[in-house]
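Everything below belongs to protein.csv, which stores CSV, C-alpha atoms.
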chain,number,residue,atom,x,y,z
A,34,MET,CA,86.7,-101.0,47.9
A,35,GLN,CA,83.2,-99.6,47.4
A,36,ILE,CA,83.5,-97.6,50.6
A,37,HIS,CA,86.8,-96.2,49.6
A,38,LEU,CA,85.4,-95.1,46.2
A,39,MET,CA,82.4,-93.5,47.8
A,40,VAL,CA,84.7,-91.5,50.1
A,41,VAL,CA,86.8,-90.4,47.2
A,42,CYS,CA,83.7,-89.4,45.2
A,43,CYS,CA,82.3,-87.5,48.2
A,44,CYS,CA,85.6,-85.6,48.6
A,45,CYS,CA,85.7,-84.8,44.9
A,46,CYS,CA,82.1,-83.5,45.0
A,47,TRP,CA,82.9,-81.4,48.1
A,48,MET,CA,86.0,-79.9,46.4
A,49,VAL,CA,84.0,-79.0,43.3
A,50,ARG,CA,81.3,-77.3,45.5
A,51,LEU,CA,84.0,-75.5,47.4
A,52,ARG,CA,85.6,-74.2,44.2
A,53,GLU,CA,82.1,-73.0,43.0
A,54,GLU,CA,81.5,-71.2,46.3
A,55,VAL,CA,84.9,-69.5,46.1
A,56,LYS,CA,84.1,-68.4,42.5
A,57,LYS,CA,80.8,-67.0,43.7
A,58,MET,CA,82.5,-65.1,46.5
A,59,GLU,CA,85.0,-63.7,43.9
A,60,HIS,CA,82.3,-62.8,41.4
A,61,GLY,CA,78.9,-62.7,43.0
A,62,ASP,CA,75.4,-62.0,41.7
A,63,GLY,CA,74.8,-58.6,40.3
A,64,GLU,CA,78.4,-58.1,39.3
A,65,ALA,CA,79.3,-56.8,35.8
A,66,VAL,CA,81.7,-58.6,33.5
A,67,ILE,CA,84.3,-56.4,31.7
A,68,ILE,CA,86.3,-57.5,28.7
A,69,GLY,CA,89.1,-55.5,27.2
A,70,GLY,CA,92.4,-53.8,27.7
A,71,MET,CA,94.7,-53.6,30.8
A,72,VAL,CA,97.3,-51.1,29.8
A,73,LEU,CA,100.3,-49.3,31.4
A,74,ASP,CA,100.0,-45.6,30.7
A,75,ILE,CA,103.1,-43.4,30.7
A,76,HIS,CA,102.1,-39.8,31.2
A,77,ALA,CA,104.7,-37.1,30.3
A,78,THR,CA,103.8,-33.5,31.2
A,79,PRO,CA,106.2,-30.6,30.5
A,80,SER,CA,106.5,-27.8,33.0
A,81,MET,CA,106.9,-25.3,30.2
A,82,LEU,CA,106.0,-24.9,26.6
A,83,ALA,CA,107.8,-27.8,24.8
A,84,ASN,CA,110.2,-27.3,21.9
A,85,PRO,CA,110.5,-29.9,19.1
A,86,GLY,CA,113.8,-31.6,18.7
A,87,THR,CA,114.9,-31.5,22.4
A,88,THR,CA,113.9,-32.6,25.8
A,89,THR,CA,111.8,-30.4,28.1
A,90,PRO,CA,111.7,-30.4,31.9
A,91,GLY,CA,108.6,-31.9,33.4
A,92,LYS,CA,107.1,-34.9,35.2
A,93,VAL,CA,106.7,-38.5,34.0
A,94,TYR,CA,104.3,-40.9,35.7
A,95,TYR,CA,103.5,-44.6,35.3
A,96,VAL,CA,99.7,-45.0,35.6
A,97,GLN,CA,97.5,-48.1,35.4
A,98,GLY,CA,95.3,-47.7,32.4
A,99,GLY,CA,93.3,-49.2,29.6
A,100,VAL,CA,89.7,-48.4,29.0
A,101,ALA,CA,88.2,-51.7,30.3
A,102,ARG,CA,90.7,-51.7,33.3
A,103,ASN,CA,89.9,-48.1,34.2
A,104,VAL,CA,86.1,-48.8,34.1
A,105,ALA,CA,86.5,-51.9,36.2
A,106,GLU,CA,88.8,-50.3,38.8
A,107,CYS,CA,86.5,-47.3,39.1
A,108,MET,CA,83.6,-49.7,39.8
A,109,SER,CA,85.7,-51.5,42.4
A,110,LYS,CA,86.4,-48.2,44.2
A,111,LEU,CA,82.6,-47.7,44.3
A,112,GLY,CA,82.1,-51.0,46.0
A,113,ALA,CA,81.6,-53.4,43.0
A,114,LYS,CA,83.5,-56.6,42.2
A,115,PRO,CA,83.6,-56.6,38.4
A,116,TYR,CA,84.9,-59.7,36.7
A,117,MET,CA,87.8,-58.7,34.4
A,118,ILE,CA,88.7,-60.7,31.2
A,119,SER,CA,92.0,-59.5,29.7
A,120,ALA,CA,95.6,-60.5,28.8
A,121,LEU,CA,98.9,-59.6,30.3
A,122,GLY,CA,102.6,-60.6,29.9
A,123,PHE,CA,105.2,-61.4,32.6
A,124,ASP,CA,107.1,-58.2,31.9
A,125,MET,CA,107.5,-55.1,34.1
A,126,ALA,CA,104.2,-53.6,32.9
A,127,GLY,CA,102.3,-56.8,33.3
A,128,ASN,CA,103.6,-57.5,36.8
A,129,LEU,CA,102.7,-53.9,37.9
A,130,LEU,CA,99.2,-54.2,36.6
A,131,LEU,CA,98.6,-57.7,37.9
A,132,ASN,CA,99.9,-56.9,41.4
A,133,GLN,CA,97.7,-53.8,41.6
A,134,TRP,CA,94.7,-55.9,40.6
A,135,LYS,CA,95.5,-58.5,43.3
A,136,SER,CA,95.9,-55.9,45.9
A,137,ALA,CA,92.5,-54.5,45.1
A,138,GLY,CA,91.0,-57.9,46.0
A,139,LEU,CA,89.7,-58.5,42.5
A,140,SER,CA,89.6,-61.8,40.7
A,141,ILE,CA,92.5,-62.5,38.3
A,142,GLU,CA,91.0,-65.8,37.0
A,143,GLY,CA,89.9,-64.1,33.7
A,144,ILE,CA,93.2,-62.5,33.0
A,145,LEU,CA,95.4,-64.5,30.6
A,146,LYS,CA,99.1,-64.4,31.6
A,147,ASP,CA,101.7,-65.6,29.2
A,148,LYS,CA,105.5,-65.1,28.7
A,149,ASP,CA,105.0,-64.4,25.0
A,150,ILE,CA,102.6,-61.5,25.6
A,151,GLU,CA,104.0,-58.0,25.4
A,152,THR,CA,101.8,-56.1,27.9
A,153,PRO,CA,100.0,-53.2,26.2
A,154,VAL,CA,101.7,-49.8,26.9
A,155,VAL,CA,100.5,-46.3,25.9
A,156,CYS,CA,102.7,-43.3,26.2
A,157,ASN,CA,100.9,-39.9,26.2
A,158,ILE,CA,102.5,-36.5,26.1
A,159,PHE,CA,100.4,-33.7,27.5
A,160,ASP,CA,100.5,-30.0,27.0
A,161,VAL,CA,100.7,-27.6,29.9
A,162,ASN,CA,96.8,-27.5,30.1
A,163,GLY,CA,96.5,-31.3,30.7
A,164,GLU,CA,95.3,-32.1,27.2
A,165,VAL,CA,96.9,-34.9,25.2
A,166,ALA,CA,99.3,-33.4,22.6
A,167,ALA,CA,100.6,-36.7,21.2
A,168,GLY,CA,100.7,-40.3,22.0
A,169,VAL,CA,101.9,-43.8,20.9
A,170,ALA,CA,99.9,-47.0,21.7
A,171,SER,CA,101.4,-50.5,21.6
A,172,VAL,CA,98.3,-52.7,22.3
A,173,GLU,CA,98.5,-55.3,19.5
A,174,ALA,CA,98.7,-58.1,22.1
A,175,LEU,CA,95.0,-57.6,23.0
A,176,GLU,CA,93.9,-58.5,19.5
A,177,LYS,CA,96.3,-61.4,19.3
A,178,TYR,CA,95.8,-63.1,22.7
A,179,LEU,CA,92.3,-62.0,23.9
A,180,THR,CA,90.7,-64.6,21.6
A,181,PRO,CA,87.1,-66.0,21.4
A,182,ASP,CA,88.4,-69.3,22.9
A,183,TRP,CA,89.7,-67.5,26.0
A,184,ILE,CA,86.5,-65.5,26.3
A,185,PHE,CA,84.3,-68.5,26.0
A,186,ARG,CA,86.0,-70.1,29.1
A,187,PHE,CA,84.1,-67.6,31.2
A,188,LYS,CA,80.7,-67.9,29.7
A,189,ASN,CA,79.1,-68.9,33.1
A,190,THR,CA,80.1,-65.5,34.6
A,191,LEU,CA,77.3,-64.0,32.6
A,192,LEU,CA,74.6,-66.1,34.2
A,193,SER,CA,74.0,-63.6,36.9
A,194,ALA,CA,75.8,-60.6,35.4
A,195,PRO,CA,73.5,-57.5,35.0
A,196,VAL,CA,75.7,-56.2,32.1
A,197,LEU,CA,78.7,-57.1,29.9
A,198,MET,CA,81.0,-54.2,28.9
A,199,VAL,CA,83.3,-54.7,26.0
A,200,ASP,CA,85.9,-52.2,24.8
A,201,ALA,CA,86.8,-51.8,21.2
A,202,ASN,CA,90.4,-53.0,21.7
A,203,LEU,CA,89.1,-56.5,21.0
A,204,SER,CA,89.4,-57.9,17.5
A,205,HIS,CA,86.2,-58.3,15.4
A,206,PRO,CA,86.0,-62.1,16.1
A,207,SER,CA,86.4,-61.6,19.8
A,208,LEU,CA,83.9,-58.7,19.9
A,209,GLU,CA,81.3,-60.9,18.1
A,210,ALA,CA,82.1,-63.9,20.3
A,211,ALA,CA,81.6,-61.9,23.5
A,212,CYS,CA,78.4,-60.2,22.4
A,213,LYS,CA,76.8,-63.4,21.1
A,214,MET,CA,77.8,-65.1,24.4
A,215,ALA,CA,76.0,-62.3,26.3
A,216,ILE,CA,72.9,-62.5,24.2
A,217,ASP,CA,72.7,-66.2,24.8
A,218,MET,CA,72.7,-65.4,28.5
A,219,ALA,CA,70.2,-62.6,28.2
A,220,CYS,CA,72.8,-60.1,29.4
A,221,PRO,CA,72.8,-56.6,27.9
A,222,VAL,CA,76.0,-55.4,26.2
A,223,TRP,CA,77.7,-52.0,26.7
A,224,PHE,CA,80.1,-51.0,23.9
A,225,GLU,CA,82.9,-48.5,24.8
A,226,PRO,CA,84.4,-47.2,21.5
A,227,VAL,CA,88.0,-46.5,22.9
A,228,SER,CA,89.1,-44.3,19.9
A,229,VAL,CA,87.8,-42.9,16.6
A,230,THR,CA,89.5,-45.7,14.6
A,231,LYS,CA,88.4,-48.6,16.8
A,232,SER,CA,84.9,-47.2,17.3
A,233,ARG,CA,84.1,-48.4,13.7
A,234,ARG,CA,84.2,-51.9,15.0
A,235,ILE,CA,80.6,-51.4,16.1
A,236,SER,CA,79.6,-52.4,12.5
A,237,SER,CA,80.0,-56.1,13.2
A,238,ILE,CA,78.2,-56.2,16.6
A,239,VAL,CA,75.6,-53.4,16.5
A,240,GLU,CA,72.7,-55.8,16.6
A,241,TYR,CA,73.8,-57.1,20.0
A,242,VAL,CA,74.5,-53.7,21.7
A,243,THR,CA,72.2,-52.2,24.2
A,244,PHE,CA,74.4,-49.3,25.4
A,245,ALA,CA,77.1,-47.3,23.6
A,246,SER,CA,79.1,-44.4,25.0
A,247,PRO,CA,81.0,-42.5,22.3
A,248,ASN,CA,82.3,-39.0,22.4
A,249,GLU,CA,81.5,-36.6,19.6
A,250,ASP,CA,84.2,-37.8,17.2
A,251,GLU,CA,83.6,-41.5,17.9
A,252,LEU,CA,79.8,-40.9,17.3
A,253,ILE,CA,80.6,-39.5,13.8
A,254,ALA,CA,82.9,-42.4,13.0
A,255,MET,CA,80.3,-45.0,14.2
A,256,ALA,CA,77.5,-43.3,12.2
A,257,ASN,CA,79.6,-43.4,9.0
A,258,ALA,CA,80.6,-47.0,9.6
A,259,LEU,CA,77.0,-48.1,10.1
A,260,SER,CA,75.6,-46.1,7.2
A,261,GLY,CA,78.4,-47.1,4.8
A,262,SER,CA,79.1,-43.5,3.9
A,263,ASP,CA,81.1,-40.5,4.9
A,264,GLU,CA,78.2,-38.1,5.1
A,265,PHE,CA,78.8,-37.2,8.8
A,266,HIS,CA,81.5,-34.8,9.8
A,267,PRO,CA,82.8,-33.7,13.2
A,268,LEU,CA,81.8,-30.2,14.2
A,269,LYS,CA,84.4,-27.5,13.7
A,270,GLU,CA,85.7,-25.6,16.7
A,271,SER,CA,84.1,-22.5,15.3
A,272,GLN,CA,80.7,-24.2,15.2
A,273,LYS,CA,80.9,-25.1,18.9
A,274,LYS,CA,81.5,-21.5,20.1
A,275,ASN,CA,78.5,-19.7,21.7
A,276,ILE,CA,76.2,-22.5,20.6
A,277,SER,CA,73.1,-23.5,22.7
A,278,VAL,CA,72.7,-27.1,23.9
A,279,LEU,CA,69.6,-27.5,21.7
A,280,SER,CA,71.5,-26.3,18.6
A,281,LEU,CA,74.4,-28.7,19.4
A,282,PHE,CA,72.0,-31.6,19.7
A,283,GLN,CA,70.2,-30.7,16.5
A,284,MET,CA,73.5,-30.7,14.6
A,285,LEU,CA,74.4,-34.2,15.8
A,286,LYS,CA,70.9,-35.7,15.8
A,287,PRO,CA,71.2,-37.4,12.4
A,288,ALA,CA,74.3,-39.3,13.5
A,289,ILE,CA,72.7,-40.3,16.8
A,290,TRP,CA,69.6,-41.5,14.9
A,291,VAL,CA,71.7,-43.8,12.7
A,292,LEU,CA,73.0,-45.7,15.8
A,293,LEU,CA,69.5,-45.9,17.3
A,294,GLU,CA,68.0,-47.1,14.0
A,295,LYS,CA,70.6,-49.8,13.7
A,296,GLY,CA,69.4,-51.2,17.0
A,297,ILE,CA,71.4,-49.6,19.8
A,298,LYS,CA,68.9,-48.9,22.6
A,299,VAL,CA,70.7,-46.2,24.5
A,300,VAL,CA,73.4,-43.8,23.2
A,301,LEU,CA,75.3,-41.8,25.7
A,302,VAL,CA,77.3,-39.1,23.9
A,303,THR,CA,79.9,-37.2,25.9
A,304,PHE,CA,80.9,-33.6,25.1
A,305,GLY,CA,83.5,-32.7,27.8
A,306,SER,CA,82.6,-29.3,29.3
A,307,ASN,CA,79.4,-29.3,27.3
A,308,GLY,CA,78.0,-32.2,29.3
A,309,VAL,CA,76.3,-35.5,28.1
A,310,PHE,CA,73.4,-36.4,25.9
A,311,LEU,CA,71.4,-39.5,26.8
A,312,CYS,CA,69.4,-40.6,23.7
A,313,ASN,CA,67.1,-43.4,22.8
A,314,LYS,CA,63.9,-44.3,20.9
A,315,GLY,CA,61.3,-44.0,23.7
A,316,TRP,CA,61.6,-42.8,27.2
A,317,PRO,CA,65.0,-43.8,28.7
A,318,ARG,CA,63.7,-44.5,32.3
A,319,GLN,CA,62.5,-47.9,31.1
A,320,PHE,CA,66.2,-49.0,31.1
A,321,LYS,CA,66.5,-50.3,34.6
A,322,MET,CA,68.0,-53.6,35.7
A,323,PRO,CA,65.7,-56.3,37.1
A,324,ALA,CA,65.9,-56.5,40.9
A,325,GLU,CA,67.2,-60.1,40.8
A,326,LYS,CA,70.3,-58.9,38.9
A,327,THR,CA,71.2,-55.9,41.1
A,328,ASN,CA,73.6,-55.8,44.0
A,329,GLN,CA,73.3,-53.3,46.9
A,330,CYS,CA,76.1,-54.6,49.2
A,331,GLY,CA,78.4,-52.2,51.0
A,332,PHE,CA,79.2,-48.9,49.4
A,333,ARG,CA,76.7,-49.5,46.6
A,334,GLY,CA,73.9,-49.9,49.0
A,335,GLN,CA,74.7,-46.6,50.6
A,336,LEU,CA,75.0,-45.0,47.1
A,337,PHE,CA,71.6,-46.4,46.1
A,338,LYS,CA,69.8,-45.2,49.1
A,339,THR,CA,71.4,-41.7,49.1
A,340,VAL,CA,70.8,-41.2,45.4
A,341,MET,CA,67.2,-42.3,45.6
A,342,GLN,CA,66.7,-39.6,48.3
A,343,LYS,CA,68.6,-36.8,46.5
A,344,CYS,CA,67.6,-37.7,43.0
A,345,PRO,CA,64.0,-39.0,43.3
A,346,PRO,CA,62.8,-40.8,40.1
A,347,SER,CA,59.4,-39.0,40.4
A,348,ARG,CA,61.0,-35.9,39.0
A,349,TYR,CA,60.8,-37.2,35.4
A,350,SER,CA,57.9,-39.6,35.8
A,351,GLY,CA,55.5,-37.4,33.8
A,352,PHE,CA,57.3,-38.1,30.6
A,353,SER,CA,56.7,-41.8,30.6
A,354,GLU,CA,53.4,-41.4,28.9
A,355,LEU,CA,55.2,-40.0,25.9
A,356,ASP,CA,57.0,-43.3,25.1
A,357,ARG,CA,56.8,-43.9,21.4
A,358,SER,CA,59.2,-45.9,19.4
A,359,SER,CA,59.0,-43.5,16.5
A,360,HIS,CA,60.4,-40.7,18.5
A,361,LEU,CA,63.9,-39.7,19.5
A,362,PHE,CA,64.2,-38.8,23.2
A,363,ALA,CA,67.2,-36.9,24.4
A,364,VAL,CA,68.2,-35.6,27.8
A,365,HIS,CA,71.0,-33.2,28.3
A,366,PHE,CA,73.1,-33.5,31.5
A,367,PRO,CA,75.3,-30.6,32.4
A,368,SER,CA,79.0,-31.0,33.3
A,369,LEU,CA,80.3,-29.9,36.7
A,370,PRO,CA,83.0,-27.3,37.4
A,371,ALA,CA,86.3,-28.9,38.4
A,372,SER,CA,89.9,-28.1,39.2
A,373,VAL,CA,91.3,-30.0,36.3
A,374,VAL,CA,94.7,-31.8,36.7
A,375,ARG,CA,94.3,-34.4,34.0
A,376,LEU,CA,91.4,-35.2,31.5
A,377,THR,CA,92.4,-38.9,30.8
A,378,GLY,CA,90.2,-41.4,32.6
A,379,ALA,CA,87.2,-39.0,32.8
A,380,GLY,CA,85.2,-40.8,30.1
A,381,ASP,CA,86.1,-44.2,31.4
A,382,CYS,CA,85.1,-43.3,35.0
A,383,LEU,CA,81.9,-41.8,33.7
A,384,VAL,CA,81.1,-45.2,32.3
A,385,GLY,CA,82.3,-46.9,35.5
A,386,GLY,CA,80.1,-44.7,37.7
A,387,THR,CA,77.1,-45.2,35.5
A,388,LEU,CA,77.5,-49.0,35.3
A,389,THR,CA,78.0,-49.3,39.1
A,390,SER,CA,74.8,-47.3,39.6
A,391,ILE,CA,72.8,-49.4,37.1
A,392,CYS,CA,74.0,-52.6,38.7
A,393,ALA,CA,72.9,-51.2,42.1
A,394,GLY,CA,69.4,-50.7,40.8
A,395,LEU,CA,69.3,-47.0,40.0
A,396,ASP,CA,67.6,-46.0,36.7
A,397,ILE,CA,69.5,-44.7,33.7
A,398,MET,CA,68.9,-41.0,34.5
A,399,GLN,CA,70.1,-41.4,38.1
A,400,SER,CA,73.0,-43.5,37.0
A,401,VAL,CA,74.3,-41.0,34.4
A,402,SER,CA,74.1,-38.3,37.0
A,403,VAL,CA,76.3,-40.4,39.3
A,404,GLY,CA,78.7,-41.1,36.3
A,405,ILE,CA,79.2,-37.4,35.7
A,406,ALA,CA,79.8,-36.8,39.4
A,407,VAL,CA,82.4,-39.6,39.4
A,408,ALA,CA,84.1,-38.2,36.3
A,409,LYS,CA,84.5,-34.8,38.0
A,410,ALA,CA,86.4,-36.5,40.9
A,411,VAL,CA,88.7,-38.1,38.3
A,412,VAL,CA,89.9,-35.0,36.5
A,413,GLU,CA,91.0,-33.5,39.8
A,414,VAL,CA,93.7,-36.2,40.4
A,415,GLU,CA,96.8,-37.4,38.5
A,416,ALA,CA,95.7,-41.1,38.3
A,417,ASN,CA,93.2,-42.5,35.8
A,418,VAL,CA,91.1,-43.5,38.8
A,419,PRO,CA,91.1,-41.8,42.3
A,420,SER,CA,92.3,-43.9,45.2
A,421,THR,CA,89.0,-43.3,47.0
A,422,PHE,CA,85.6,-41.8,46.3
A,423,SER,CA,83.6,-39.7,48.9
A,424,LEU,CA,80.0,-40.8,49.1
A,425,SER,CA,78.7,-37.4,50.1
A,426,ALA,CA,80.7,-35.6,47.4
A,427,ILE,CA,79.6,-38.0,44.7
A,428,THR,CA,75.9,-37.9,45.7
A,429,ASP,CA,75.9,-34.1,46.2
A,430,ASP,CA,77.4,-33.6,42.7
A,431,ALA,CA,75.0,-36.2,41.3
A,432,LYS,CA,72.1,-34.2,42.7
A,433,SER,CA,73.4,-31.0,41.0
A,434,VAL,CA,73.6,-32.8,37.7
A,435,TYR,CA,70.2,-34.5,38.0
A,436,SER,CA,68.5,-31.3,39.0
A,437,GLY,CA,70.1,-29.5,36.0
A,438,ALA,CA,69.3,-32.2,33.4
A,439,LYS,CA,66.9,-31.0,30.7
A,440,VAL,CA,64.6,-33.1,28.6
A,441,LEU,CA,64.8,-32.1,24.9
A,442,PHE,CA,61.3,-32.6,23.9
A,443,PRO,CA,60.6,-35.7,21.8
A,444,GLN,CA,60.7,-35.1,18.1
A,445,SER,CA,59.4,-37.5,15.4
A,446,MET,CA,62.0,-38.7,12.9
A,447,LEU,CA,59.4,-40.2,10.6

Mind turning the file's structure into structure tokens?
Amino acid sequence: MQIHLMVVCCCCCWMVRLREEVKKMEHGDGEAVIIGGMVLDIHATPSMLANPGTTTPGKVYYVQGGVARNVAECMSKLGAKPYMISALGFDMAGNLLLNQWKSAGLSIEGILKDKDIETPVVCNIFDVNGEVAAGVASVEALEKYLTPDWIFRFKNTLLSAPVLMVDANLSHPSLEAACKMAIDMACPVWFEPVSVTKSRRISSIVEYVTFASPNEDELIAMANALSGSDEFHPLKESQKKNISVLSLFQMLKPAIWVLLEKGIKVVLVTFGSNGVFLCNKGWPRQFKMPAEKTNQCGFRGQLFKTVMQKCPPSRYSGFSELDRSSHLFAVHFPSLPASVVRLTGAGDCLVGGTLTSICAGLDIMQSVSVGIAVAKAVVEVEANVPSTFSLSAITDDAKSVYSGAKVLFPQSML
């Protein structure tokens, strides 16, 4: 009887170890954890100027979307294996999204599946220039079903994760639960605002956030939410015409400073064709992942080596001595010329490219350069994420961005 029990116990222990090893293979060391929306996007583009009150000839596409899902898929196309935590239904949209995720070889363990869930769907109508003219979003299921209890089940995935990215589709309780869980595991948090309305959810989690990536309008909304006022206003189109990069930065500097003063370490502000501002209190090169939390397997290893050659960190090393916590440091990264097909997905893939690079061991300056190069590749295709990325194209474009980046001299805010 004792021998039989020992055999059973040994078999049970072996099965537990086997499951643990399988989980490690699915989500290994140096892999980011992504929490947020998986959405089916419906893109409708007219072939001529649309008239209200009637249909217009054009094209309609079903596209896998959702900010968190786009970021995670982009990372996977760059060789990463991000761990996705989300929620889907057993409807047509959910099956389409889940099957695509499985076919990419990514773990579905963190994706809640339930017959009562209506899979999030967003329908966007574009103008003839590829800009969103109108849209309707049905994403309530994310707030209802992506609960703190579901998120807590996957706490151990953060033990070796270099970063947790959360998108603002989560409810306030779920955002707080995810961020507190990350802090307990000494894992930095990246906040992706999603939209102007949802970006205001930063107010409940700002103390936990290391990185944030708003566009101009989201930046203003976040600054107002954090300051408890409406003193900040988006720039008018007339203000943006024929304006220098430095003048643009000066106009938005007070709003950026609010985010930094509230505790966010790095603010990455996107401006479309006007490029990207990387801002923080102190020199940003200090934000680099510890070697033990990075992963340079496969494509990422090639990306790391090539970018280190083409974008040497020594180019900006002279500024490190200027690191002072009372100063705002900002670096402007130029955009890249592109043959634009669709602008949706560009911001998400900029974040995906940046996160992949950070997790591979590149510093924040190199990583943002890669992110912008990845975003260029995205706007030239119909999908939210390209089917493949070219290493040579990405690294050549990253070199152009990195070489064109300009440090806006530190200015005291005291």

Nearest to A:Glu209 among A:Ala194, A:Leu388, A:Val440, A:Ile238, with distances taken over only C-alpha atoms: which residue is it?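 Between A:Ala194, A:Leu388, A:Val440, A:Ile238, the residue approaching A:Glu209 most closely is A:Ile238.
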
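Taking only C-alpha atoms, the non-local environment of stretch 241-254 of chain A within 6 Å (same-chain residues fewer than 6 positions away omitted) comprises Pro221, Val222, Trp223, Phe224, Glu225, Pro226, Val229, Ser232, Phe265, Pro267, Ile297, Lys298, Val299, Val300, Leu301, Val302 and Thr303 of chain A.
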
Query raised in the report: Between A:Ser109, A:Thr78, A:Gln97, A:Ser236, which is the closest to A:Pro153 once you count all atoms listed in the file?
Result: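 Checking each of A:Ser109, A:Thr78, A:Gln97, A:Ser236 against A:Pro153, counting all atoms listed in the file, the winner is A:Gln97.
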
Which protein, DNA or RNA residues are at most 12 Å from (78.2, -26.5, 22.8) in the file's coordinates when you count only C-alpha atoms, listed as an MDAnalysis selection string? chainID A and resid 249 268:285 303:310 365 367:368

What's the 12 Å shell around A:Asp217, counting only C-alpha atoms, without same-chain residues fewer than 5 positions away, as a PDB file with C-alpha atoms, in the frame of the given file?
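File part-v6.pdb, as written:
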ATOM      1  CA  PHE A 185      84.300 -68.500  26.000  1.00  0.00           C
ATOM      2  CA  LYS A 188      80.700 -67.900  29.700  1.00  0.00           C
ATOM      3  CA  ASN A 189      79.100 -68.900  33.100  1.00  0.00           C
ATOM      4  CA  LEU A 191      77.300 -64.000  32.600  1.00  0.00           C
ATOM      5  CA  LEU A 192      74.600 -66.100  34.200  1.00  0.00           C
ATOM      6  CA  ALA A 210      82.100 -63.900  20.300  1.00  0.00           C
ATOM      7  CA  ALA A 211      81.600 -61.900  23.500  1.00  0.00           C
ATOM      8  CA  CYS A 212      78.400 -60.200  22.400  1.00  0.00           C
ATOM      9  CA  VAL A 222      76.000 -55.400  26.200  1.00  0.00           C
ATOM     10  CA  TYR A 241      73.800 -57.100  20.000  1.00  0.00           C
TER      11      TYR A 241
END

Worksheet item: In Å, how far is it from atom CA of A:Ala256 to atom CA of A:Ser400?
Response: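 Separation between atom CA of A:Ala256 and atom CA of A:Ser400: 25.2 Å.
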
*Nearest to A:Gln133 by atom-to-atom distance, counting only C-alpha atoms, from A:Lys286, A:Ser420, A:Val340, A:Ala438*: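 Of A:Lys286, A:Ser420, A:Val340, A:Ala438, the one nearest A:Gln133 is A:Ser420, counting only C-alpha atoms.
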
>> Give me, as a PyMOL selection string, all polymer residues having an atom no more than 12 Å from A:Tyr178, counting only C-alpha atoms and skipping those fewer than 3 positions away in the same chain.
In response: chain A and resi 69-70+118-122+144-153+172-175+181-184+202-204+206-207

Kindly export the residues of the current selection with C-alpha atoms, as a compact mmCIF listing (two decimals), in the frame of the given file.
# COMPACT_ATOMS: atom_id res chain seq x y z
CA GLY A 69 89.10 -55.50 27.20
CA GLY A 70 92.40 -53.80 27.70
CA ILE A 118 88.70 -60.70 31.20
CA SER A 119 92.00 -59.50 29.70
CA ALA A 120 95.60 -60.50 28.80
CA LEU A 121 98.90 -59.60 30.30
CA GLY A 122 102.60 -60.60 29.90
CA ILE A 144 93.20 -62.50 33.00
CA LEU A 145 95.40 -64.50 30.60
CA LYS A 146 99.10 -64.40 31.60
CA ASP A 147 101.70 -65.60 29.20
CA LYS A 148 105.50 -65.10 28.70
CA ASP A 149 105.00 -64.40 25.00
CA ILE A 150 102.60 -61.50 25.60
CA GLU A 151 104.00 -58.00 25.40
CA THR A 152 101.80 -56.10 27.90
CA PRO A 153 100.00 -53.20 26.20
CA VAL A 172 98.30 -52.70 22.30
CA GLU A 173 98.50 -55.30 19.50
CA ALA A 174 98.70 -58.10 22.10
CA LEU A 175 95.00 -57.60 23.00
CA PRO A 181 87.10 -66.00 21.40
CA ASP A 182 88.40 -69.30 22.90
CA TRP A 183 89.70 -67.50 26.00
CA ILE A 184 86.50 -65.50 26.30
CA ASN A 202 90.40 -53.00 21.70
CA LEU A 203 89.10 -56.50 21.00
CA SER A 204 89.40 -57.90 17.50
CA PRO A 206 86.00 -62.10 16.10
CA SER A 207 86.40 -61.60 19.80

*asked:* Using all atoms listed in the file, can you tell me which of A:Phe187, A:Tyr116, A:Tyr435, A:Trp134 comes closest to A:Pro346?
replied: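 With all atoms listed in the file as the atom set, the closest residue is A:Tyr435.
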
For the point (75.9, -41.8, 47.6) in the file's frame, write as an NGL selection string all residues with an atom no more than 7 Å away, counting all atoms listed in the file. :A and (335-337 or 339-340 or 424-425 or 427-428)

Write the residues of the selection above to a file with C-alpha atoms, as a PDB file, keeping the file's coordinate frame.
ATOM      1  CA  GLN A 335      74.700 -46.600  50.600  1.00  0.00           C
ATOM      2  CA  LEU A 336      75.000 -45.000  47.100  1.00  0.00           C
ATOM      3  CA  PHE A 337      71.600 -46.400  46.100  1.00  0.00           C
ATOM      4  CA  THR A 339      71.400 -41.700  49.100  1.00  0.00           C
ATOM      5  CA  VAL A 340      70.800 -41.200  45.400  1.00  0.00           C
ATOM      6  CA  LEU A 424      80.000 -40.800  49.100  1.00  0.00           C
ATOM      7  CA  SER A 425      78.700 -37.400  50.100  1.00  0.00           C
ATOM      8  CA  ILE A 427      79.600 -38.000  44.700  1.00  0.00           C
ATOM      9  CA  THR A 428      75.900 -37.900  45.700  1.00  0.00           C
TER      10      THR A 428
END

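Distances here use only C-alpha atoms; by that measure, the residue among A:Asp381, A:Glu240, A:Glu176, A:Glu142 closest to A:Lys213 is A:Glu240.
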
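For the pair atom CA of A:Trp290 and atom CA of A:Arg233, the separation is 16.1 Å.
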
Between atom CA of A:Val154 and atom CA of A:Leu130 lies a distance of 10.9 Å

task = Return the single residue from A:Ala215, A:Ile141, A:Ile391, A:Val169 that is closest to A:Met322, with distances computed using all atoms listed in the file.
result =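 Closest residue, counting all atoms listed in the file: A:Ile391.
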